[in-house]
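A.B. asks: One structure is given below, represented as structure tokens, and several questions about it will come after.
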Amino acid sequence: MDVVDAARGLIGDTLAFHLFFVLFGVGLPVMIAGLEGFSIYKKNTRARLVARSWSRALTILFIAGALSGTIVSLQFNLIWPTFTAFAGKVVGVSFALEGFAFLIEALFLSIYMLSWDKIRPLYHWLIGCVVALSALTSAFFITTVNAWMNTPTGFRLDAHGNPIDINTKAAVFSPAAKTEISHSVLSYLFAVTLALMAVYAWMLWRRKLTTRAKASAKKLMLGLAVIALLLGLAVGFAGDQAGKFDAKNEPYKLAAAEGLHATQNGAPLLVGGYVQGDQVKDAVKIPKLLSFLATGDFNGRVVGLDQIAKGNRPPVTVHYFFDAMVGIGTTSIIVLVAYLCARWRNWRWAHSKTMLAVIVGFGFLGIFAAEFGWMVTEFGRQPYAIQGVMRVSQAATHSREVIRFAELFPLFYLVLLILTVWGLRKGVHFQEALK
Amino acid sequence: MNIINAAILIIAGFFAAYGVACSVECGIVLKMLTKDKVSRRMFTPLWEITNVLLVFGFTALAILFNGALASLSQALISTLSVALFAMLARACLVLFIFYIKDEDTLGHLWVWLLAITSFLVPLSFAAAGIYLLTGQLFYQSWLGAILGLSTLIGLIGGGLVMVNRKQTGRRLLPGELVMALWYLLLGCVLPLVVTHKDTGLNQLPILIMCLGSGAGLVLILASSIGFKLIKLWQSVVLSILAAPLLLAWANEPYLINAKLTLRAAYGAQTYGSAVVLGLFIMLPFIALGGWLFLKLLPAQTSKKSRPTA
């Protein structure tokens with residue numbers, strides 16, 4: 001393994017680990033603030049207890065999330081110094097504002113957790129709203145950095161390759177920012193809602209509950225399913241917009257994701273198959289659908305990988321991640337519609353063991369879908385760290401120490417992940433909140 | 001003071017605030033080793049949130065002094081990776097001790113491991129700071145060794161004093177004795193090394209540190225005879241906050257002593273002032289949040305059962 005591969009692998013592992021906590025760190029505060037607000041409005045004590053149980057889960061997740069965020073921040077400075085120095089000059093404001101928001105989130109989360117039952121519920125809810133807003137703000141600004149990496153704007157390069165004539169506003173609000181932020185933040189909320197639904201489905205499936213607790217769990221699942229369906233549709237719409245944007249502005253990423261080798265009109269959509277070189281073999285071909293999805297016209301022209309030099313092509317393995325992301329998103333919407341129909345028509349299989357097991361499964365798959373989505377974004381930009389400006393090999397450190405650390409860090413991440421899940425099982429009493 | 005000096009002082013301020021939080025954590029863990037029940041209840045996973053100060057300090061350093069990143073990364077990757085591993089290990093232990101293992105069955109080994117990792121994190125970051133101050137690793141110069149030792153002693157003493165806030169009587173407690181040693185190191189040994197070796201550090205901030213340490217020592221002695229001007233923990237917090245700021249000032253005009261100047265490393269001219277201004281605006285929020293956190297913490301520790309947060 002050379003230094004660049006080690007650096008790439010290490011930051012990939014760190015980001016994949018961090019993302020697991022990010023989506024809860026962004027999604028859970030919003031859900032908690034919503035439920036606590038509902039409990040105050042409806043004077044519903046049980047809803048407040050449920051919100052409190054979710055907040056305990058948030059604290060446990062936040063421990064690992066704040067830590068992995070710290071590691072990401074430090075690793076970017078240590079392992080990608082050339083990238084950070086360059087990006088700091090152009091989109092440093094985004095880094096700083098993300099830092100401000102994260103700081104406020106952390107401070108107010110600790111106050112929120114320590115002030116349950118110690119201040120008036122309305123004030124407590126307002127603190128919760130600050131946590132939720134700062135979490136969203138933090139996600140917004142850090143995603144603007146990634147969007148800028150995909151579509152770098154707001155600067156010119158001088159003869160030595162340094163950024164000059166910097167326009168911070170144009171850099172922060174780069175062309176990809178709108179689609180990327182909406183798609184990612186909505187997908188976090190969607191994944192968290194599915195995960196919460198899975199918690200109550202698990203309880204109905206595997207735990208012995210009182211009649212009252214069962215009724216509460218079912219009511220919660222219904223509410224969460226409605227929210228999840230709306231979010232799922234919104235994620236689908238945002239994803240469609242992102243695809244159309246990619247077709248125009250990041251055509252090679254879309255080409256790799258779709259395994260499209262030759263530029264063509266009326267391009268087919270490839271589903272499944274396996275990657276061989278720059279081609280996808282044995283995939284199901286849906287004629288002209290890719291052209292329609294990318295351009296809005298069944299005979300629209302879609303750029304393939306043949307338009308770019310071989311050394312600059314992103315790996316076509318992105319196709320696997322893209323298919324997995326879209327597949328999970330689509331099937332989860334189908335499951336939600338089926339569940340809601342069954343609840344509406346009072347069909348008994350809505351809470352059958354099979355249905356509950358499927359919902360539990362989608363609780364995990366939603367998280368994986370968010371991970372796959374980011375893999376599409378990051379792998380699809382290779383071999384560049386900043387599209388068309390800086391290659392990954394230029395951005396990485398030269399220190400060979402990275403190779404050793406690339407092997408050690410994932411072990412620690414694995415232990416922390418196991419302990420976090422174990423801590424969630426032992427430290428959060430979802431069931432008691434339903435009694 | 002120009003914008004570059006303000007920037008480095010604010011960054012030092014974030015690390016100083018992290019130092020205060022770390023010393024409290026270290027104090028709690030040290031008291032836990034003695035099976036002290038009050039400190040056990042002050043041990044909350046919410047302390048891990050203080051890592052955010054570190055993120056902020058590093059983000060600000062990376063943005064404002066991006067010209068130093070390449071050389072810092074090369075020199076400090078091992079030192080700071082130790083800190084990252086220690087943080088990961090500490091988070092694992094916090095989760096294990098707080099949420100997984102029952103208090104009654106908790107072995108002493110886990111608390112020892114927690115103590116080791118709790119000290120390793122700030123010590124590794126201090127080693128990185130020492131590199132900035134000396135241009136060498138901490139064990140390669142007398143100044144580095146003294147600063148490393150003083151960090152360890154400051155963490156122990158500061159932590160014990162802050163956790164033992166309600167002391168009575170006229171005798172000196174262990175924490176106060178350790179703090180007295182810290183003040184002697186910073187007030188006598190450090191100025192001696194700075195004046196006798198060619199460290200390149202400015203003398204005025206070191207002199208101020210010397211006088212401040214003397215004042216701290218007097219306060220400890222005064223408290224031992226029952227005479228208190230201000231509460232001892234307040235003077236300790238002030239000392240821990242002041243030390244990194246004075247050292248950053250002493251290192252001026254360098255970011256990495258004798259290797260890289262602040263001006264050469266400063267690379268965010270376009271909006272440096274905006275970021276610094278934002279940091280200034282944030283400070284009252286941080287102070288308010290920190291104050292509320294500490295206000296609410298005793299309410300939590302008064303519970304008979306384990307804290308729920």
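Simple scheme: letters A, B, ... for chains in structure tokens order, numbers from 1 for residues in each chain, numbers from 1 for ligands in the order shown.
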Could you list, as a PyMOL selection string, the residues of chain B having an atom within 8 Å of chain A when counting only C-alpha atoms?
C.D. replies: chain B and resi 45-46+48-56+58-60+62-64+66-67+69-70+72-74+76-78+81+84-85+87-89+91-92+95-96+99-100+267-268+270-271+275+282+285-286+289-290+292-293+296-297+300+308-309
A.B. asks: So which residues touch stretch 145-157 of chain B within 9 Å, counting only C-alpha atoms, skipping near sequence neighbours fewer than 4 positions away, as a ChimeraX atom specification?
C.D. replies: /B:19-20,22-24,26-27,30,119,122-123,126-127,130,138-141,161-162,174-183,185-186,189-190,193,236,240
A.B. asks: Between atom CA of B:Phe125 and atom CA of B:Val82, what is the distance in Å, rounded to a tenth?
C.D. replies: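 Between atom CA of B:Phe125 and atom CA of B:Val82 the gap is 9.2 Å.
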A.B. asks: DSSP on the backbone: which residues in stretch 191-363 of chain A end up as alpha helix (DSSP H)? Give the answer as a PyMOL selection string.
C.D. replies: chain A and resi 191-206+211-249+251-258+289-295+318-344+353-363
A.B. asks: Would you mind exporting C-alpha atoms of the selected residues as a tab-separated table (two decimals), in the first residue's frame?
C.D. replies:
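Written out: out.tsv:
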chain	number	residue	atom	x	y	z
A	191	ALA	CA	-32.76	7.25	7.54
A	192	VAL	CA	-33.31	8.37	11.14
A	193	THR	CA	-37.09	8.11	10.83
A	194	LEU	CA	-36.73	4.59	9.41
A	195	ALA	CA	-34.32	3.68	12.24
A	196	LEU	CA	-36.76	4.96	14.88
A	197	MET	CA	-39.56	3.00	13.25
A	198	ALA	CA	-37.33	-0.05	13.35
A	199	VAL	CA	-36.80	0.37	17.10
A	200	TYR	CA	-40.54	0.15	17.78
A	201	ALA	CA	-41.01	-2.61	15.22
A	202	TRP	CA	-38.29	-4.57	17.04
A	203	MET	CA	-40.05	-4.03	20.35
A	204	LEU	CA	-43.38	-5.25	18.95
A	205	TRP	CA	-41.64	-8.21	17.35
A	206	ARG	CA	-39.25	-9.38	20.06
A	211	THR	CA	-51.40	-3.75	25.82
A	212	ARG	CA	-50.94	-0.05	26.48
A	213	ALA	CA	-47.29	-0.11	25.42
A	214	LYS	CA	-48.23	-2.04	22.27
A	215	ALA	CA	-50.85	0.56	21.37
A	216	SER	CA	-48.35	3.38	21.97
A	217	ALA	CA	-45.69	1.65	19.85
A	218	LYS	CA	-48.16	1.17	17.00
A	219	LYS	CA	-49.28	4.79	17.21
A	220	LEU	CA	-45.66	5.93	17.09
A	221	MET	CA	-44.94	3.67	14.15
A	222	LEU	CA	-47.89	5.10	12.26
A	223	GLY	CA	-46.75	8.67	12.84
A	224	LEU	CA	-43.18	7.81	11.92
A	225	ALA	CA	-44.30	5.94	8.79
A	226	VAL	CA	-46.23	8.99	7.54
A	227	ILE	CA	-43.22	11.25	8.16
A	228	ALA	CA	-40.86	8.68	6.59
A	229	LEU	CA	-43.01	8.38	3.47
A	230	LEU	CA	-43.09	12.15	2.97
A	231	LEU	CA	-39.34	12.32	3.54
A	232	GLY	CA	-38.73	9.35	1.24
A	233	LEU	CA	-40.62	11.04	-1.58
A	234	ALA	CA	-38.73	14.27	-0.94
A	235	VAL	CA	-35.41	12.37	-1.01
A	236	GLY	CA	-36.46	10.78	-4.31
A	237	PHE	CA	-37.29	14.17	-5.80
A	238	ALA	CA	-34.01	15.68	-4.53
A	239	GLY	CA	-32.14	12.66	-5.92
A	240	ASP	CA	-33.76	13.15	-9.32
A	241	GLN	CA	-32.67	16.81	-9.28
A	242	ALA	CA	-29.16	15.73	-8.27
A	243	GLY	CA	-29.04	13.27	-11.17
A	244	LYS	CA	-30.12	15.97	-13.64
A	245	PHE	CA	-27.52	18.31	-12.17
A	246	ASP	CA	-24.80	15.65	-12.47
A	247	ALA	CA	-25.74	15.01	-16.11
A	248	LYS	CA	-24.98	18.67	-16.84
A	249	ASN	CA	-22.16	19.51	-14.44
A	251	PRO	CA	-21.27	13.98	-16.34
A	252	TYR	CA	-18.47	11.49	-15.63
A	253	LYS	CA	-19.76	10.79	-12.14
A	254	LEU	CA	-23.18	9.97	-13.59
A	255	ALA	CA	-21.58	7.93	-16.38
A	256	ALA	CA	-19.62	5.86	-13.83
A	257	ALA	CA	-22.67	5.46	-11.60
A	258	GLU	CA	-24.71	4.24	-14.54
A	289	LEU	CA	-34.76	5.66	-19.30
A	290	LEU	CA	-31.35	7.12	-18.36
A	291	SER	CA	-31.73	9.80	-21.04
A	292	PHE	CA	-35.18	10.65	-19.72
A	293	LEU	CA	-34.03	10.76	-16.07
A	294	ALA	CA	-30.92	12.79	-16.89
A	295	THR	CA	-32.33	15.24	-19.45
A	318	VAL	CA	-19.54	3.39	-8.19
A	319	HIS	CA	-22.34	1.62	-10.08
A	320	TYR	CA	-22.73	-0.88	-7.21
A	321	PHE	CA	-23.12	1.90	-4.62
A	322	PHE	CA	-25.51	3.84	-6.84
A	323	ASP	CA	-27.72	0.81	-7.45
A	324	ALA	CA	-27.71	-0.07	-3.76
A	325	MET	CA	-28.67	3.48	-2.76
A	326	VAL	CA	-31.48	3.80	-5.28
A	327	GLY	CA	-32.65	0.24	-4.67
A	328	ILE	CA	-32.91	0.70	-0.90
A	329	GLY	CA	-34.62	4.09	-1.28
A	330	THR	CA	-37.20	2.78	-3.72
A	331	THR	CA	-38.02	-0.43	-1.85
A	332	SER	CA	-38.28	1.40	1.47
A	333	ILE	CA	-40.91	3.71	-0.04
A	334	ILE	CA	-42.81	0.63	-1.30
A	335	VAL	CA	-42.64	-0.93	2.18
A	336	LEU	CA	-43.89	2.28	3.78
A	337	VAL	CA	-46.80	2.55	1.35
A	338	ALA	CA	-47.68	-1.11	2.01
A	339	TYR	CA	-47.53	-0.57	5.77
A	340	LEU	CA	-49.67	2.57	5.65
A	341	CYS	CA	-52.23	0.87	3.38
A	342	ALA	CA	-52.42	-2.07	5.77
A	343	ARG	CA	-52.92	0.29	8.73
A	344	TRP	CA	-55.55	2.26	6.82
A	353	LYS	CA	-43.74	-10.84	12.37
A	354	THR	CA	-42.68	-10.72	8.72
A	355	MET	CA	-43.69	-7.09	8.26
A	356	LEU	CA	-42.04	-6.06	11.53
A	357	ALA	CA	-38.85	-7.90	10.51
A	358	VAL	CA	-38.88	-6.09	7.15
A	359	ILE	CA	-39.28	-2.72	8.89
A	360	VAL	CA	-36.40	-3.57	11.25
A	361	GLY	CA	-34.29	-4.49	8.22
A	362	PHE	CA	-35.03	-1.18	6.52
A	363	GLY	CA	-34.02	0.62	9.70
A.B. asks: Once DSSP has gone over the backbone, tell me which residues of stretch 131-236 of chain A are in strand (DSSP E), as a list in words.
C.D. replies: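 Here is the list: Arg156, Leu157, Pro163 and Ile164 of chain A.
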A.B. asks: At a cut-off of 12 Å, using only C-alpha atoms, what residues contact A:Ala283? Leave out same-chain residues fewer than 2 positions from it and give the result as a PyMOL selection string.
C.D. replies: chain A and resi 258-260+268-276+279-281+285-287+319-320+323
A.B. asks: Atom CA of B:Leu238 and atom CA of B:Arg90, how far apart in Å?
C.D. replies: 26.6 Å
